[in-house]
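**Q** Got a file for you: final-v4.pdb, PDB, C-alpha atoms, pLDDT in the B column.
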```pdb
MODEL        1
ATOM      1  CA  MET A1326      41.204  82.792 -62.262  1.00 73.00           C
ATOM      2  CA  ALA A1327      40.715  85.165 -59.412  1.00 87.00           C
ATOM      3  CA  ARG A1328      40.110  88.858 -59.078  1.00 93.00           C
ATOM      4  CA  TYR A1329      43.363  90.775 -58.432  1.00 96.00           C
ATOM      5  CA  ASP A1330      45.558  88.101 -60.015  1.00 96.00           C
ATOM      6  CA  VAL A1331      48.444  89.471 -62.073  1.00 98.00           C
ATOM      7  CA  TYR A1332      49.390  87.896 -65.407  1.00 97.00           C
ATOM      8  CA  ALA A1333      52.255  88.401 -67.796  1.00 96.00           C
ATOM      9  CA  ASN A1334      51.047  90.608 -70.623  1.00 95.00           C
ATOM     10  CA  PRO A1335      50.135  88.183 -73.423  1.00 91.00           C
ATOM     11  CA  GLU A1336      51.386  90.731 -75.987  1.00 90.00           C
ATOM     12  CA  LYS A1337      55.117  90.024 -75.795  1.00 88.00           C
ATOM     13  CA  SER A1338      56.044  93.083 -77.896  1.00 91.00           C
ATOM     14  CA  GLU A1339      54.706  95.289 -75.064  1.00 91.00           C
ATOM     15  CA  HIS A1340      56.635  93.664 -72.178  1.00 88.00           C
ATOM     16  CA  LYS A1341      59.197  96.473 -71.936  1.00 91.00           C
ATOM     17  CA  HIS A1342      56.587  99.133 -71.086  1.00 93.00           C
ATOM     18  CA  THR A1343      53.623  96.970 -69.988  1.00 95.00           C
ATOM     19  CA  PRO A1344      54.920  93.755 -68.452  1.00 97.00           C
ATOM     20  CA  PHE A1345      51.716  92.720 -66.680  1.00 97.00           C
ATOM     21  CA  VAL A1346      47.938  92.983 -66.629  1.00 97.00           C
ATOM     22  CA  LEU A1347      45.700  92.838 -63.559  1.00 98.00           C
ATOM     23  CA  ASP A1348      42.430  90.889 -63.584  1.00 96.00           C
ATOM     24  CA  VAL A1349      39.736  93.030 -61.914  1.00 96.00           C
ATOM     25  CA  GLN A1350      36.642  91.082 -62.955  1.00 92.00           C
ATOM     26  CA  ASN A1351      34.282  89.790 -60.283  1.00 87.00           C
ATOM     27  CA  ASP A1352      34.939  86.132 -59.456  1.00 79.00           C
ATOM     28  CA  HIS A1353      31.207  85.348 -59.806  1.00 82.00           C
ATOM     29  CA  LEU A1354      31.442  85.857 -63.583  1.00 80.00           C
ATOM     30  CA  GLY A1355      33.491  82.724 -64.161  1.00 75.00           C
ATOM     31  CA  GLY A1356      31.344  81.574 -67.072  1.00 81.00           C
ATOM     32  CA  VAL A1357      32.166  84.620 -69.199  1.00 86.00           C
ATOM     33  CA  ASP A1358      34.719  84.032 -71.986  1.00 91.00           C
ATOM     34  CA  THR A1359      36.480  87.345 -71.348  1.00 93.00           C
ATOM     35  CA  ARG A1360      38.169  88.986 -68.368  1.00 94.00           C
ATOM     36  CA  ILE A1361      38.397  92.687 -67.579  1.00 94.00           C
ATOM     37  CA  VAL A1362      42.040  93.624 -67.092  1.00 97.00           C
ATOM     38  CA  ILE A1363      44.030  96.778 -66.369  1.00 97.00           C
ATOM     39  CA  PRO A1364      47.550  97.241 -67.733  1.00 97.00           C
ATOM     40  CA  LEU A1365      50.374  97.430 -65.208  1.00 98.00           C
ATOM     41  CA  ARG A1366      52.899  99.735 -66.888  1.00 96.00           C
ATOM     42  CA  ASP A1367      56.554 100.184 -65.985  1.00 94.00           C
ATOM     43  CA  VAL A1368      56.763 103.206 -63.670  1.00 91.00           C
ATOM     44  CA  ARG A1369      59.727 104.603 -65.648  1.00 89.00           C
ATOM     45  CA  VAL A1370      57.740 104.917 -68.874  1.00 87.00           C
ATOM     46  CA  HIS A1371      54.234 105.584 -67.612  1.00 80.00           C
ATOM     47  CA  GLY A1372      54.457 109.363 -67.587  1.00 79.00           C
ATOM     48  CA  ARG A1373      52.169 111.699 -65.645  1.00 82.00           C
ATOM     49  CA  ARG A1374      50.245 110.019 -62.830  1.00 83.00           C
ATOM     50  CA  LEU A1375      47.083 110.955 -61.039  1.00 84.00           C
ATOM     51  CA  GLU A1376      47.808 109.500 -57.613  1.00 84.00           C
ATOM     52  CA  ARG A1377      44.342 108.056 -56.954  1.00 90.00           C
ATOM     53  CA  VAL A1378      43.779 106.788 -60.497  1.00 94.00           C
ATOM     54  CA  HIS A1379      47.299 105.405 -61.067  1.00 95.00           C
ATOM     55  CA  PRO A1380      48.494 103.661 -57.875  1.00 96.00           C
ATOM     56  CA  ALA A1381      51.958 102.114 -57.989  1.00 96.00           C
ATOM     57  CA  PHE A1382      52.822  98.565 -56.950  1.00 97.00           C
ATOM     58  CA  THR A1383      55.776  96.213 -56.973  1.00 97.00           C
ATOM     59  CA  VAL A1384      55.249  93.001 -58.940  1.00 97.00           C
ATOM     60  CA  ASN A1385      58.088  90.489 -59.124  1.00 95.00           C
ATOM     61  CA  ALA A1386      60.619  93.179 -58.123  1.00 95.00           C
ATOM     62  CA  ARG A1387      59.362  95.523 -60.848  1.00 94.00           C
ATOM     63  CA  GLU A1388      57.797  98.914 -60.084  1.00 96.00           C
ATOM     64  CA  VAL A1389      54.564  99.264 -62.061  1.00 97.00           C
ATOM     65  CA  VAL A1390      51.660 101.679 -62.290  1.00 97.00           C
ATOM     66  CA  LEU A1391      48.028 100.610 -62.595  1.00 97.00           C
ATOM     67  CA  ASP A1392      46.792 102.425 -65.718  1.00 97.00           C
ATOM     68  CA  THR A1393      43.147 102.280 -64.695  1.00 96.00           C
ATOM     69  CA  PRO A1394      41.612 104.432 -67.486  1.00 94.00           C
ATOM     70  CA  THR A1395      42.978 102.060 -70.150  1.00 95.00           C
ATOM     71  CA  MET A1396      41.296  98.879 -68.911  1.00 96.00           C
ATOM     72  CA  ALA A1397      40.176  96.404 -71.544  1.00 95.00           C
ATOM     73  CA  THR A1398      38.809  92.903 -71.980  1.00 94.00           C
ATOM     74  CA  PHE A1399      40.976  89.947 -72.933  1.00 93.00           C
ATOM     75  CA  PRO A1400      39.853  86.462 -73.890  1.00 94.00           C
ATOM     76  CA  ARG A1401      40.293  84.351 -70.770  1.00 92.00           C
ATOM     77  CA  GLU A1402      42.541  81.884 -72.654  1.00 93.00           C
ATOM     78  CA  TRP A1403      45.116  84.678 -73.130  1.00 93.00           C
ATOM     79  CA  LEU A1404      45.662  84.720 -69.378  1.00 93.00           C
ATOM     80  CA  ARG A1405      47.658  81.655 -68.431  1.00 88.00           C
ATOM     81  CA  THR A1406      49.149  81.191 -64.982  1.00 95.00           C
ATOM     82  CA  PRO A1407      49.101  84.124 -62.550  1.00 97.00           C
ATOM     83  CA  VAL A1408      52.539  85.478 -61.651  1.00 97.00           C
ATOM     84  CA  ALA A1409      51.400  87.364 -58.538  1.00 97.00           C
ATOM     85  CA  SER A1410      48.356  88.625 -56.667  1.00 97.00           C
ATOM     86  CA  LEU A1411      47.507  92.173 -55.635  1.00 97.00           C
ATOM     87  CA  LYS A1412      44.635  91.065 -53.402  1.00 97.00           C
ATOM     88  CA  PRO A1413      46.316  92.634 -50.341  1.00 97.00           C
ATOM     89  CA  GLN A1414      46.136  95.964 -52.226  1.00 96.00           C
ATOM     90  CA  GLN A1415      42.485  95.537 -53.240  1.00 96.00           C
ATOM     91  CA  HIS A1416      41.411  98.753 -51.471  1.00 96.00           C
ATOM     92  CA  GLU A1417      43.825 100.878 -53.519  1.00 96.00           C
ATOM     93  CA  ILE A1418      42.687  99.159 -56.711  1.00 97.00           C
ATOM     94  CA  GLN A1419      38.998  99.609 -55.875  1.00 95.00           C
ATOM     95  CA  ASP A1420      39.661 103.263 -55.041  1.00 94.00           C
ATOM     96  CA  ALA A1421      41.212 103.732 -58.499  1.00 95.00           C
ATOM     97  CA  LEU A1422      38.168 102.075 -60.118  1.00 95.00           C
ATOM     98  CA  ASP A1423      35.831 104.246 -58.058  1.00 94.00           C
ATOM     99  CA  ALA A1424      37.711 107.362 -59.169  1.00 92.00           C
ATOM    100  CA  VAL A1425      37.253 106.391 -62.831  1.00 92.00           C
ATOM    101  CA  PHE A1426      33.603 105.374 -62.515  1.00 90.00           C
ATOM    102  CA  GLY A1427      32.503 108.174 -60.195  1.00 85.00           C
ATOM    103  CA  ALA A1428      31.904 106.513 -56.822  1.00 60.00           C
ATOM    104  CA  TYR A1429      33.424 108.723 -54.157  1.00 59.00           C
TER     105      TYR A1429
ENDMDL
END
```
Mind turning the file's structure into structure tokens?
**A**
Amino acid sequence: MARYDVYANPEKSEHKHTPFVLDVQNDHLGGVDTRIVIPLRDVRVHGRRLERVHPAFTVNAREVVLDTPTMATFPREWLRTPVASLKPQQHEIQDALDAVFGAY
């Protein structure tokens, strides 16, 4: 598992509106049984966006929005094989996290 890896949402009933989750946990916490993830929601159903907090990305030809304020923890075994990586966009993701947690 690596920070900024994208996984299919393990909750199949949510795939229409939230097809993916993004792992944002530090790679040095590999021994922890959970991972901190942020939902990647379909841009068509996300609703109002705050540009800095909700950056948009394309994952597997699907336009998605990082719903940063709704991050959660998932058991690491729920996250199987990554389907993509957003590591090249790490600065946008970190900026969204900084906006939520107050670092400016």
**Q** Would you kindly return, as a PDB file with C-alpha atoms, keeping the file's coordinate frame, each protein, DNA or RNA residue with an atom no farther than 10 Å from any atom of segment 1328-1335 of chain A, considering all atoms listed in the file and excluding same-chain residues fewer than 2 positions away?
**A**
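Dumped everything to out_27.pdb:
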```pdb
ATOM      1  CA  MET A1326      41.204  82.792 -62.262  1.00 73.00           C
ATOM      2  CA  LYS A1337      55.117  90.024 -75.795  1.00 88.00           C
ATOM      3  CA  SER A1338      56.044  93.083 -77.896  1.00 91.00           C
ATOM      4  CA  GLU A1339      54.706  95.289 -75.064  1.00 91.00           C
ATOM      5  CA  HIS A1340      56.635  93.664 -72.178  1.00 88.00           C
ATOM      6  CA  THR A1343      53.623  96.970 -69.988  1.00 95.00           C
ATOM      7  CA  PRO A1344      54.920  93.755 -68.452  1.00 97.00           C
ATOM      8  CA  PHE A1345      51.716  92.720 -66.680  1.00 97.00           C
ATOM      9  CA  VAL A1346      47.938  92.983 -66.629  1.00 97.00           C
ATOM     10  CA  LEU A1347      45.700  92.838 -63.559  1.00 98.00           C
ATOM     11  CA  ASP A1348      42.430  90.889 -63.584  1.00 96.00           C
ATOM     12  CA  VAL A1349      39.736  93.030 -61.914  1.00 96.00           C
ATOM     13  CA  GLN A1350      36.642  91.082 -62.955  1.00 92.00           C
ATOM     14  CA  ASN A1351      34.282  89.790 -60.283  1.00 87.00           C
ATOM     15  CA  ASP A1352      34.939  86.132 -59.456  1.00 79.00           C
ATOM     16  CA  HIS A1353      31.207  85.348 -59.806  1.00 82.00           C
ATOM     17  CA  ARG A1360      38.169  88.986 -68.368  1.00 94.00           C
ATOM     18  CA  ILE A1361      38.397  92.687 -67.579  1.00 94.00           C
ATOM     19  CA  VAL A1362      42.040  93.624 -67.092  1.00 97.00           C
ATOM     20  CA  ILE A1363      44.030  96.778 -66.369  1.00 97.00           C
ATOM     21  CA  PRO A1364      47.550  97.241 -67.733  1.00 97.00           C
ATOM     22  CA  LEU A1365      50.374  97.430 -65.208  1.00 98.00           C
ATOM     23  CA  VAL A1384      55.249  93.001 -58.940  1.00 97.00           C
ATOM     24  CA  PHE A1399      40.976  89.947 -72.933  1.00 93.00           C
ATOM     25  CA  GLU A1402      42.541  81.884 -72.654  1.00 93.00           C
ATOM     26  CA  TRP A1403      45.116  84.678 -73.130  1.00 93.00           C
ATOM     27  CA  LEU A1404      45.662  84.720 -69.378  1.00 93.00           C
ATOM     28  CA  ARG A1405      47.658  81.655 -68.431  1.00 88.00           C
ATOM     29  CA  THR A1406      49.149  81.191 -64.982  1.00 95.00           C
ATOM     30  CA  PRO A1407      49.101  84.124 -62.550  1.00 97.00           C
ATOM     31  CA  VAL A1408      52.539  85.478 -61.651  1.00 97.00           C
ATOM     32  CA  ALA A1409      51.400  87.364 -58.538  1.00 97.00           C
ATOM     33  CA  SER A1410      48.356  88.625 -56.667  1.00 97.00           C
ATOM     34  CA  LEU A1411      47.507  92.173 -55.635  1.00 97.00           C
ATOM     35  CA  LYS A1412      44.635  91.065 -53.402  1.00 97.00           C
ATOM     36  CA  PRO A1413      46.316  92.634 -50.341  1.00 97.00           C
ATOM     37  CA  GLN A1414      46.136  95.964 -52.226  1.00 96.00           C
ATOM     38  CA  GLN A1415      42.485  95.537 -53.240  1.00 96.00           C
ATOM     39  CA  ILE A1418      42.687  99.159 -56.711  1.00 97.00           C
TER      40      ILE A1418
END
```
**Q** Would you mind reading off the distance between atom CA of Leu1422 of chain A and atom CA of Phe1382 of chain A, one decimal, in Å?
**A** 15.4 Å
**Q** Which of these, A:Val1370, A:Val1389, A:Val1378, A:Val1357, has the shortest distance to Asp1423 of chain A once you count all atoms listed in the file?
**A**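 Smallest distance to Asp1423 of chain A is found for A:Val1378.
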**Q** Between atom CA of His1342 of chain A and atom CA of Arg1374 of chain A, what is the distance, to one decimal in Å?
**A** 15.1 Å
**Q** Nearest residue to Arg1373 of chain A out of A:Thr1359, A:Val1390, A:Ala1327, A:Ala1424, using only C-alpha atoms?
**A**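 Once distances to Arg1373 of chain A are computed over only C-alpha atoms, the minimum belongs to A:Val1390.
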**Q** Go through A:Ala1397, A:His1416, A:Gly1356, A:Ala1421 and flag the residue nearest Leu1375 of chain A, using all atoms listed in the file for the distances.
**A** A:Ala1421
**Q** Would you place a box with edges along x, y and z of the file around all atoms of segment 1404-1409 of chain A listed there, add 8 Å to each of its six sides, and report the centre and edge lengths in Å to one decimal, as JSON?
**A**
```
{"center_x": 49.1, "center_y": 84.3, "center_z": -64.0, "size_x": 22.9, "size_y": 22.2, "size_z": 26.8}
```
**Q** Separation of atom CA of Asp1367 of chain A and atom CA of Asn1385 of chain A, in Å?
**A**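 Spanning atom CA of Asp1367 of chain A to atom CA of Asn1385 of chain A is a straight-line distance of 12.0 Å.
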**Q** Which residue, A:Pro1380, A:Ala1386, A:Asp1392, A:Thr1398, has the smallest gap to Arg1366 of chain A when you use all atoms listed in the file?
**A**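 For Arg1366 of chain A, the nearest of the candidates is A:Asp1392.
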**Q** Just add N, CA and C atoms to segment 1359-1376 of chain A and send it as a CSV table (one decimal), in the frame of the given file.
**A**
```csv
chain,number,residue,atom,x,y,z
A,1359,THR,N,35.5,86.3,-71.4
A,1359,THR,CA,36.5,87.3,-71.3
A,1359,THR,C,36.7,87.7,-69.9
A,1360,ARG,N,37.8,88.4,-69.7
A,1360,ARG,CA,38.2,89.0,-68.4
A,1360,ARG,C,38.5,90.5,-68.5
A,1361,ILE,N,38.1,91.3,-67.6
A,1361,ILE,CA,38.4,92.7,-67.6
A,1361,ILE,C,39.8,92.8,-66.9
A,1362,VAL,N,40.7,93.5,-67.6
A,1362,VAL,CA,42.0,93.6,-67.1
A,1362,VAL,C,42.5,95.1,-67.2
A,1363,ILE,N,43.4,95.4,-66.3
A,1363,ILE,CA,44.0,96.8,-66.4
A,1363,ILE,C,45.5,96.6,-66.6
A,1364,PRO,N,46.1,97.3,-67.5
A,1364,PRO,CA,47.6,97.2,-67.7
A,1364,PRO,C,48.3,97.7,-66.5
A,1365,LEU,N,49.4,97.0,-66.2
A,1365,LEU,CA,50.4,97.4,-65.2
A,1365,LEU,C,51.6,97.9,-66.0
A,1366,ARG,N,51.8,99.2,-66.1
A,1366,ARG,CA,52.9,99.7,-66.9
A,1366,ARG,C,54.1,100.0,-66.0
A,1367,ASP,N,55.3,99.9,-66.7
A,1367,ASP,CA,56.6,100.2,-66.0
A,1367,ASP,C,56.5,101.6,-65.5
A,1368,VAL,N,56.8,101.9,-64.3
A,1368,VAL,CA,56.8,103.2,-63.7
A,1368,VAL,C,57.7,104.2,-64.4
A,1369,ARG,N,58.8,103.7,-65.0
A,1369,ARG,CA,59.7,104.6,-65.6
A,1369,ARG,C,59.2,105.1,-67.0
A,1370,VAL,N,58.2,104.5,-67.6
A,1370,VAL,CA,57.7,104.9,-68.9
A,1370,VAL,C,56.3,105.4,-68.8
A,1371,HIS,N,55.7,105.3,-67.7
A,1371,HIS,CA,54.2,105.6,-67.6
A,1371,HIS,C,53.9,107.0,-67.9
A,1372,GLY,N,54.7,107.9,-67.4
A,1372,GLY,CA,54.5,109.4,-67.6
A,1372,GLY,C,53.7,109.9,-66.4
A,1373,ARG,N,52.9,111.0,-66.7
A,1373,ARG,CA,52.2,111.7,-65.6
A,1373,ARG,C,51.2,110.8,-65.0
A,1374,ARG,N,51.2,110.8,-63.6
A,1374,ARG,CA,50.2,110.0,-62.8
A,1374,ARG,C,49.3,110.9,-62.1
A,1375,LEU,N,48.1,110.4,-62.0
A,1375,LEU,CA,47.1,111.0,-61.0
A,1375,LEU,C,47.1,110.0,-59.9
A,1376,GLU,N,47.5,110.4,-58.7
A,1376,GLU,CA,47.8,109.5,-57.6
A,1376,GLU,C,46.7,108.5,-57.3
```
